[in-house]
Amino acid sequence: MKKTKRNAVLFKEMTVDMKKPKILIIMLLINMLLIPVVLGFFLAIYIQGNSGELGYRILANYFIAMMFTEAGIIAFIVPAVTAGSVSLEKERQTLDVLLTTRLTTWEIIKGKYFSSYLTIVLLVLSTMPMMSLVFIYGGIGIWQMIYVFIVLYVYIAMIASFGVFFSALTKNTVASVVLTYIFTLSYLVFTAVLPWIVVGGIELVNLMIYEDHKYFNFITDQHLIPSDYFIMLGIGNPFYAIFDSIGHTIGYSIEGIGIQGVNSLGEILPHTSDKNIVFRMFTPISMVFQLVVTFILLKISAVFLNPVKAKKNKKRK
Amino acid sequence: MIEIKNLYKRYGRFLALNDFSLDIEQGELLGFVGSNGAGKTTTMRICVGLLQADGGEVLIDGKNLLNDHRALAEKVGYVPDYFGVYKSLTASEYLHFYAGAYGIYGKEADVLCDELLELVNLKNKKDTDVNGLSRGMKQRLCLARGLVHNPDILFLDEPASGLDPKARYELKEILKNLSSMGKTIVISSHILPELAEMCTTVAIINKGHLVLKGTIDEIHRAAAMSSPLMITVAEDHIDKAFDVLQNNLFVQKVTAQGNILSVVFTGDQDAESQLLSDMVTSGVMIKGFHRQEGSLESLFMQVVNGGSVKEN
């Protein structure tokens with residue numbers, strides 16, 4: 001019998017499940033949620049345009065706000081789309097049969113994951129025309145927009161893997177959805193505040209030990225870790241990557257967030273701004289990090305799904 | 001050929017399989033009988049790679065395929081005791097999906113799915129939503145799904161459960177048809193007579209252990225042998241008859257109802273003849289001597305309750 005390499009799960013989900021009205025409803029919902037943001041964008045431009053304050057940087061700020069809104073909406077939609085991908089198979093009692101087919105657990109997970117991912121990609125693509133309205137006023141170029149959307153798709157890839165992971169882990173879709181939301185939110189918040197937690201922690205230690213909060217004595221004075229590098233602890237946060245990907249061309253950088261943010265903690269850091277390659281590569285490094293997290297979670301999901309772990313049976317008396 | 005050797009499986013403190021061994025010949029249509037919790041489903045799930053055994057091994061054609069997922073999947077088809085069908089799929093789409101799971105697509109899949117639907121008498125339901133099918137139809141569709149990759153071995157877990165007599169008859173005919181194609185089929189049930197109608201061999205499992213295996217003829221004979229001997233003697237010869245019976249090694253228990261003696265006798269037909277001869281020689285006037293008609297249920301009950309039925 002001739003065997004082809006097509007992933008049956010992916011093929012089925014894409015051809016059959018796409019017929020369901022659910023996808024159209026979510027597409028409508030995401031675009032409706034973006035309408036007020038876009039209208040607000042035009043209103044603000046109109047007001048600022050009349051007052052003569054409008055510049056490229058302001059337009060870019062609005063675009064960042066729109067992308068953050070979209071990323072936020074995605075954070076709520078992706079778990080809903082992905083968290084039932086495997087657990088629904090368990091609930092429908094179809095997983096066992098699927099596991100007895102030629103498909104390996106890795107292929108099943110890949111099929112489930114990519115069908116969910118492509119569905120969300122389609123949803124995000126549907127928002128592109130609305131997002132492209134920024135071209136009317138300029139400030140953002142087509143390649144920049146494509147780059148930001150690539151960053152957005154990597155972010156979607158990662159949080160989609162959260163959903164598939166919890167779906168493989170739990171037997172119940174409700175539990176999977178709840179866990180995915182909690183984990184996604186916790187991950188986004190934790191990776192966002194991690195640099196500040198570390199900086200704040202060090203500052204606290206300084207205060208307690210040296211009773212001095214002027215400098216990071218044991219770090220910066222010895223030039224072991226320049227203070228700006230702390231923002232690199234936020235490499236796992238997709239919002240930083242989105243910000244960095246848009247902000248670079250208009251004079252913002254993730255390095256800037258570090259300095260401004262840490263300064264806001266009490267102006268404790270000296271400005272050691274050197275346009276280091278590490279800062280310029282923040283977004284690509286962040287994307288690689290997110291893709292690695294995605295791959296690891298999917299691999300673990302496949303292991304969870306495997307009913308027979310490869311181990312030697314022992315005869316037991 | 002399937003060789004199940006010394007399987008052990010424990011769920012917490014419950015020992016589901018306890019040194020379970022069973023050989024299934026190629027082309028056999030084996031009825032796998034046991035009461036609920038006896039270990040039937042556990043055995044099947046281990047054989048199809050859905051469960052890890054704690055000990056023992058399963059050899060298919062001499063090879064342990066349990067750690068070779070693809071080879072096992074090619075060799076074995078499995079129909080569990082639940083339907084597990086996807087909503088919003090037609091019968092044809094359902095089969096196409098599973099054909100795809102075995103790497104069969106396009107025209108090849110179209111032809112295959114049509115053939116399978118014809119085999120299970122569902123060709124006219126090809127475009128019907130799976131949810132709209134009756135229980136019997138769903139069961140037949142699941143059977144077709146289990147055959148989509150043309151496996152040599154088919155494991156069916158309680159396939160006749162909940163089916164009406166017509167659906168059961170149709171299923172029986174399909175299974176006989178498949179058996180005639182040379183497929184090895186293992187069907188589990190907790191109802192022995194149900195399997196006796198369609199199987200060539202029966203294996204009885206109790207508390208995770210094989211207690212009996214034999215052909216249907218052997219099982220029927222065993223059932224007959226498991227029934228009591230009914231001996232009618234002249235009324236004034238009852239005491240004399242008791243004396244003879246008490247001295248026979250195969251007599252387990254004798255109860256009298258008037259001049260009819262019910263004898264639990266574990267010997268075979270030769271031993272029966274010898275007993276009759278001994279009674280006649282001892283001067284017992286015998287008016288009747290026969291085995292009570294044996295039922296498969298009574299055999300099953302006797303076996304699972306620890307009775308002494310010979311293993312073939």
# chains A, B, ... in the order shown; residues from 1 in each chain; ligands from 1
$ select_by_dssp --residues "region 124-262 of chain B" --states "strand (DSSP E or B)" --output "mmCIF file with N, CA and C atoms, in the first residue's frame"
data_model
loop_
_atom_site.group_PDB
_atom_site.id
_atom_site.type_symbol
_atom_site.label_atom_id
_atom_site.label_comp_id
_atom_site.auth_asym_id
_atom_site.auth_seq_id
_atom_site.Cartn_x
_atom_site.Cartn_y
_atom_site.Cartn_z
ATOM 1 N N ASP B 129 -24.288 11.911 8.079
ATOM 2 C CA ASP B 129 -23.488 12.353 9.213
ATOM 3 C C ASP B 129 -23.349 11.189 10.204
ATOM 4 N N ILE B 153 -4.658 -8.782 12.061
ATOM 5 C CA ILE B 153 -5.281 -9.112 13.352
ATOM 6 C C ILE B 153 -6.261 -8.002 13.738
ATOM 7 N N LEU B 154 -7.417 -8.422 14.217
ATOM 8 C CA LEU B 154 -8.424 -7.445 14.620
ATOM 9 C C LEU B 154 -8.860 -7.723 16.050
ATOM 10 N N PHE B 155 -8.762 -6.707 16.893
ATOM 11 C CA PHE B 155 -9.234 -6.829 18.273
ATOM 12 C C PHE B 155 -10.544 -6.042 18.406
ATOM 13 N N LEU B 156 -11.602 -6.724 18.790
ATOM 14 C CA LEU B 156 -12.901 -6.061 18.948
ATOM 15 C C LEU B 156 -13.337 -6.187 20.401
ATOM 16 N N ASP B 157 -13.457 -5.060 21.062
ATOM 17 C CA ASP B 157 -13.820 -5.074 22.476
ATOM 18 C C ASP B 157 -15.334 -4.923 22.615
ATOM 19 N N THR B 184 -7.128 -12.906 11.708
ATOM 20 C CA THR B 184 -7.214 -13.366 13.088
ATOM 21 C C THR B 184 -8.078 -12.349 13.835
ATOM 22 N N ILE B 185 -9.148 -12.831 14.438
ATOM 23 C CA ILE B 185 -10.069 -11.897 15.102
ATOM 24 C C ILE B 185 -10.247 -12.296 16.570
ATOM 25 N N VAL B 186 -10.094 -11.325 17.428
ATOM 26 C CA VAL B 186 -10.306 -11.555 18.863
ATOM 27 C C VAL B 186 -11.472 -10.670 19.295
ATOM 28 N N ILE B 187 -12.532 -11.311 19.788
ATOM 29 C CA ILE B 187 -13.721 -10.553 20.206
ATOM 30 C C ILE B 187 -13.936 -10.774 21.688
ATOM 31 N N SER B 188 -14.068 -9.698 22.406
ATOM 32 C CA SER B 188 -14.321 -9.883 23.839
ATOM 33 C C SER B 188 -15.799 -9.706 24.142
ATOM 34 N N SER B 189 -16.225 -10.383 25.175
ATOM 35 C CA SER B 189 -17.607 -10.238 25.638
ATOM 36 C C SER B 189 -17.685 -10.835 27.035
ATOM 37 N N THR B 201 -13.138 -20.432 18.425
ATOM 38 C CA THR B 201 -12.446 -20.792 19.669
ATOM 39 C C THR B 201 -12.880 -19.841 20.778
ATOM 40 N N VAL B 202 -12.826 -20.320 21.994
ATOM 41 C CA VAL B 202 -13.191 -19.454 23.118
ATOM 42 C C VAL B 202 -12.110 -19.558 24.200
ATOM 43 N N ALA B 203 -11.779 -18.402 24.762
ATOM 44 C CA ALA B 203 -10.867 -18.383 25.909
ATOM 45 C C ALA B 203 -11.586 -17.673 27.050
ATOM 46 N N ILE B 204 -11.540 -18.254 28.211
ATOM 47 C CA ILE B 204 -12.211 -17.632 29.362
ATOM 48 C C ILE B 204 -11.153 -17.112 30.327
ATOM 49 N N ILE B 205 -11.300 -15.841 30.679
ATOM 50 C CA ILE B 205 -10.359 -15.202 31.604
ATOM 51 C C ILE B 205 -11.106 -14.891 32.898
ATOM 52 N N ASN B 206 -10.451 -15.131 33.996
ATOM 53 C CA ASN B 206 -11.053 -14.808 35.285
ATOM 54 C C ASN B 206 -9.979 -14.282 36.216
ATOM 55 N N HIS B 209 -6.507 -14.163 34.835
ATOM 56 C CA HIS B 209 -5.819 -15.428 34.551
ATOM 57 C C HIS B 209 -6.658 -16.246 33.567
ATOM 58 N N LEU B 210 -5.977 -16.914 32.630
ATOM 59 C CA LEU B 210 -6.710 -17.763 31.682
ATOM 60 C C LEU B 210 -7.162 -19.022 32.401
ATOM 61 N N VAL B 211 -8.486 -19.302 32.324
ATOM 62 C CA VAL B 211 -8.960 -20.500 33.025
ATOM 63 C C VAL B 211 -9.411 -21.587 32.061
ATOM 64 N N LEU B 212 -9.692 -21.218 30.835
ATOM 65 C CA LEU B 212 -10.128 -22.241 29.882
ATOM 66 C C LEU B 212 -9.934 -21.726 28.467
ATOM 67 N N LYS B 213 -9.442 -22.625 27.593
ATOM 68 C CA LYS B 213 -9.415 -22.279 26.173
ATOM 69 C C LYS B 213 -9.716 -23.528 25.384
ATOM 70 N N GLY B 214 -10.565 -23.392 24.391
ATOM 71 C CA GLY B 214 -10.868 -24.553 23.558
ATOM 72 C C GLY B 214 -11.701 -24.171 22.366
ATOM 73 N N THR B 215 -11.884 -25.147 21.472
ATOM 74 C CA THR B 215 -12.744 -24.875 20.309
ATOM 75 C C THR B 215 -14.189 -24.854 20.793
ATOM 76 N N LEU B 229 -24.995 -35.513 36.433
ATOM 77 C CA LEU B 229 -25.575 -36.754 35.902
ATOM 78 C C LEU B 229 -26.912 -36.975 36.606
ATOM 79 N N MET B 230 -27.943 -37.311 35.868
ATOM 80 C CA MET B 230 -29.245 -37.563 36.472
ATOM 81 C C MET B 230 -29.494 -39.081 36.392
ATOM 82 N N ILE B 231 -29.480 -39.730 37.568
ATOM 83 C CA ILE B 231 -29.630 -41.195 37.589
ATOM 84 C C ILE B 231 -30.948 -41.543 38.308
ATOM 85 N N THR B 232 -31.815 -42.233 37.596
ATOM 86 C CA THR B 232 -33.088 -42.650 38.202
ATOM 87 C C THR B 232 -32.970 -44.152 38.525
ATOM 88 N N VAL B 233 -33.188 -44.445 39.795
ATOM 89 C CA VAL B 233 -33.060 -45.861 40.222
ATOM 90 C C VAL B 233 -34.392 -46.344 40.818
ATOM 91 N N VAL B 251 -17.080 -38.697 41.582
ATOM 92 C CA VAL B 251 -18.327 -38.165 42.153
ATOM 93 C C VAL B 251 -17.984 -37.127 43.224
ATOM 94 N N GLN B 252 -18.477 -35.897 43.001
ATOM 95 C CA GLN B 252 -18.194 -34.811 43.941
ATOM 96 C C GLN B 252 -19.310 -34.648 44.970
ATOM 97 N N LYS B 253 -20.537 -34.830 44.465
ATOM 98 C CA LYS B 253 -21.675 -34.537 45.348
ATOM 99 C C LYS B 253 -22.900 -35.286 44.811
ATOM 100 N N VAL B 254 -23.710 -35.814 45.727
ATOM 101 C CA VAL B 254 -24.934 -36.518 45.298
ATOM 102 C C VAL B 254 -26.111 -35.946 46.089
ATOM 103 N N THR B 255 -27.135 -35.584 45.361
ATOM 104 C CA THR B 255 -28.362 -35.164 46.055
ATOM 105 C C THR B 255 -29.519 -35.989 45.492
ATOM 106 N N ALA B 256 -30.433 -36.346 46.364
ATOM 107 C CA ALA B 256 -31.548 -37.208 45.938
ATOM 108 C C ALA B 256 -32.861 -36.453 46.022
ATOM 109 N N GLN B 257 -33.652 -36.647 44.986
ATOM 110 C CA GLN B 257 -35.009 -36.091 45.008
ATOM 111 C C GLN B 257 -35.929 -37.256 44.641
ATOM 112 N N ILE B 260 -34.664 -39.981 42.119
ATOM 113 C CA ILE B 260 -33.769 -39.382 41.108
ATOM 114 C C ILE B 260 -32.538 -38.810 41.818
ATOM 115 N N LEU B 261 -31.386 -39.300 41.420
ATOM 116 C CA LEU B 261 -30.142 -38.844 42.043
ATOM 117 C C LEU B 261 -29.437 -37.849 41.106
ATOM 118 N N SER B 262 -29.115 -36.697 41.664
ATOM 119 C CA SER B 262 -28.366 -35.696 40.883
ATOM 120 C C SER B 262 -26.906 -35.795 41.331
#
$ closest_atom_pairs --of "chain B" --to "chain A" --cutoff "6 Å" --atoms "only C-alpha atoms" --output "tab-separated table"
residue	atom	partner	partner_atom	distance
B:Leu50	CA	A:Pro307	CA	5.4
B:Leu51	CA	A:Pro307	CA	5.7
B:Gln52	CA	A:Val308	CA	5.1
B:Gly55	CA	A:Lys315	CA	4.7
B:Gly56	CA	A:Lys315	CA	5.2
B:Arg70	CA	A:Arg102	CA	5.2
B:Ala73	CA	A:Thr101	CA	5.3
B:Gly84	CA	A:Gln93	CA	4.6
B:Gly100	CA	A:Ala8	CA	4.9
B:Ala101	CA	A:Ala8	CA	5.1
B:Tyr102	CA	A:Arg102	CA	5.3
B:Gly103	CA	A:Lys3	CA	4.4
B:Ile104	CA	A:Lys3	CA	5.8
$ write_last_selection --atoms "C-alpha atoms" --output "JSON list (two decimals), in the first residue's frame"
[["chain", "number", "residue", "atom", "x", "y", "z"],
["B", 50, "LEU", "CA", -2.50, 1.46, 24.34],
["B", 51, "LEU", "CA", -1.32, 0.25, 27.71],
["B", 52, "GLN", "CA", 2.02, -0.63, 29.19],
["B", 55, "GLY", "CA", 5.46, -7.61, 33.03],
["B", 56, "GLY", "CA", 5.39, -10.24, 30.32],
["B", 70, "ARG", "CA", 4.43, 1.62, 13.27],
["B", 73, "ALA", "CA", -0.20, -0.35, 13.92],
["B", 84, "GLY", "CA", -15.74, 7.65, 19.63],
["B", 100, "GLY", "CA", -5.15, 9.20, 5.87],
["B", 101, "ALA", "CA", -3.84, 8.22, 9.30],
["B", 102, "TYR", "CA", -2.37, 5.16, 7.57],
["B", 103, "GLY", "CA", -1.00, 7.27, 4.73],
["B", 104, "ILE", "CA", -3.72, 6.35, 2.22]]
$ closest_residue --among "B:Gly27, B:Ala71, B:Leu22, B:Ser88" --to "Glu57 (chain B)" --atoms "only C-alpha atoms"
B:Leu22
$ residues_around --residues "region 22-25 of chain A" --least-positions-apart "5" --cutoff "10 Å" --atoms "only C-alpha atoms" --output "list of chain:residue names"
A:Asp17, A:Ile30, A:Val81, A:Thr119, A:Ile120, A:Leu122, A:Leu123
$ atom_distance --atom1 "CA of Gly84 (chain A)" --atom2 "CA of Thr173 (chain A)"
5.1 Å
$ atom_distance --atom1 "CA of Lys126 (chain B)" --atom2 "CA of Glu93 (chain B)"
8.5 Å
$ atom_distance --atom1 "CA of Glu194 (chain B)" --atom2 "CA of Asp217 (chain B)"
14.9 Å
$ closest_residue --among "B:Val33, B:Ala234, B:Ala53, B:Val130" --to "Glu158 (chain B)" --atoms "only C-alpha atoms"
B:Val33
$ select_by_dssp --residues "region 28-107 of chain A" --states "alpha helix (DSSP H)" --output "PyMOL selection string"
chain A and resi 28-51+56-82+87-91+95-99+105-107
$ closest_residue --among "B:Ala38, B:Asp54, B:Gly132, B:Phe97" --to "Thr15 (chain A)" --atoms "only C-alpha atoms"
B:Phe97
$ closest_residue --among "B:Phe289, B:Pro151, B:His96, B:Thr43" --to "Leu112 (chain B)" --atoms "only C-alpha atoms"
B:His96
